[in-house]
Amino acid sequence: MPWIMRIITSEVVTMRMHNPPHPGTIIKRLCLDPLGVSVTQAAQALGVSRKTLSAILNGRAGISPEMAVRLSIAFGTSAESWLNQQTQYDLWHAEQRRKQLHVSKLAV
């Protein structure tokens, strides 16, 4: 399970997946390659341009909510699963830049 959350007193402890793959990698390796579907064919089936799908597959663009719905229809999955993968990927990369952020704690 990539996310395990427990509430301990008032603190949330989170264990994250180590360097999760970009969702585009998952689409290519687990969905398109096994079916022998080309990028052009997949783009047509999804109703998007080849350029749009290629950007996702190559990790240059993320999964939007609309694309998540398109993928869920095409592959019989849930839109939430695609958005969760994108969130995990984005959060992991943001955490890698944590020390570069200049943020002060606020007291309530």
# chains A, B, ... in the order shown; residues from 1 in each chain; ligands from 1

$ residues_around --residues "range 84-98 of chain A" --least-positions-apart "2" --cutoff "8 Å" --atoms "only C-alpha atoms" --output "list in words"
Arg16, Met17, His18, Asn19, Pro20, Pro21, His22, Pro23, Gly62, Ile63, Glu80, Ser81, Trp82, Gln100 and Leu101 of chain A

$ select_by_dssp --residues "chain A" --states "helix (DSSP H, G or I)" --output "count of residues only"
61

$ select_by_dssp --residues "chain A" --states "strand (DSSP E)" --output "VMD selection string"
chain A and resid 4 to 8 11 to 15

$ write_last_selection --atoms "N, CA and C atoms" --output "CSV table (one decimal), in the first residue's frame"
chain,number,residue,atom,x,y,z
A,4,ILE,N,0.1,4.8,3.9
A,4,ILE,CA,-0.5,4.3,5.1
A,4,ILE,C,-0.5,5.5,6.1
A,5,MET,N,-1.7,5.8,6.6
A,5,MET,CA,-1.9,6.9,7.5
A,5,MET,C,-2.4,6.5,8.8
A,6,ARG,N,-1.8,7.0,9.9
A,6,ARG,CA,-2.3,6.7,11.2
A,6,ARG,C,-2.3,8.0,11.9
A,7,ILE,N,-3.4,8.2,12.7
A,7,ILE,CA,-3.4,9.4,13.5
A,7,ILE,C,-2.9,9.1,14.9
A,8,ILE,N,-1.8,9.7,15.3
A,8,ILE,CA,-1.2,9.5,16.6
A,8,ILE,C,-1.4,10.8,17.4
A,11,GLU,N,-1.2,14.3,15.6
A,11,GLU,CA,-0.2,14.3,14.5
A,11,GLU,C,-0.5,13.2,13.5
A,12,VAL,N,-0.3,13.5,12.2
A,12,VAL,CA,-0.5,12.5,11.2
A,12,VAL,C,0.8,12.0,10.7
A,13,VAL,N,1.0,10.7,10.8
A,13,VAL,CA,2.3,10.1,10.3
A,13,VAL,C,2.0,9.4,9.0
A,14,THR,N,2.8,9.7,8.0
A,14,THR,CA,2.6,9.2,6.6
A,14,THR,C,3.8,8.5,6.1
A,15,MET,N,3.6,7.3,5.6
A,15,MET,CA,4.7,6.6,4.9
A,15,MET,C,4.4,6.6,3.4

$ closest_residue --among "A:Cys31, A:Leu106, A:Leu71, A:Ala61" --to "Ala45 in chain A" --atoms "only C-alpha atoms"
A:Leu71

$ atom_distance --atom1 "CA of Ile26 in chain A" --atom2 "CA of Lys99 in chain A"
29.0 Å

$ closest_residue --among "A:Leu46, A:Ile73, A:Val108, A:Leu57" --to "Asp33 in chain A" --atoms "only C-alpha atoms"
A:Leu57

$ closest_residue --among "A:Arg50, A:Gly59, A:Leu35, A:Thr40" --to "Phe75 in chain A" --atoms "only C-alpha atoms"
A:Leu35

$ atom_distance --atom1 "CA of Pro65 in chain A" --atom2 "CA of Ser78 in chain A"
11.2 Å

$ residues_around --residues "Ser64 in chain A" --least-positions-apart "3" --cutoff "10 Å" --atoms "only C-alpha atoms" --output "VMD selection string"
chain A and resid 56 61 67 to 70 79 82 to 83 86
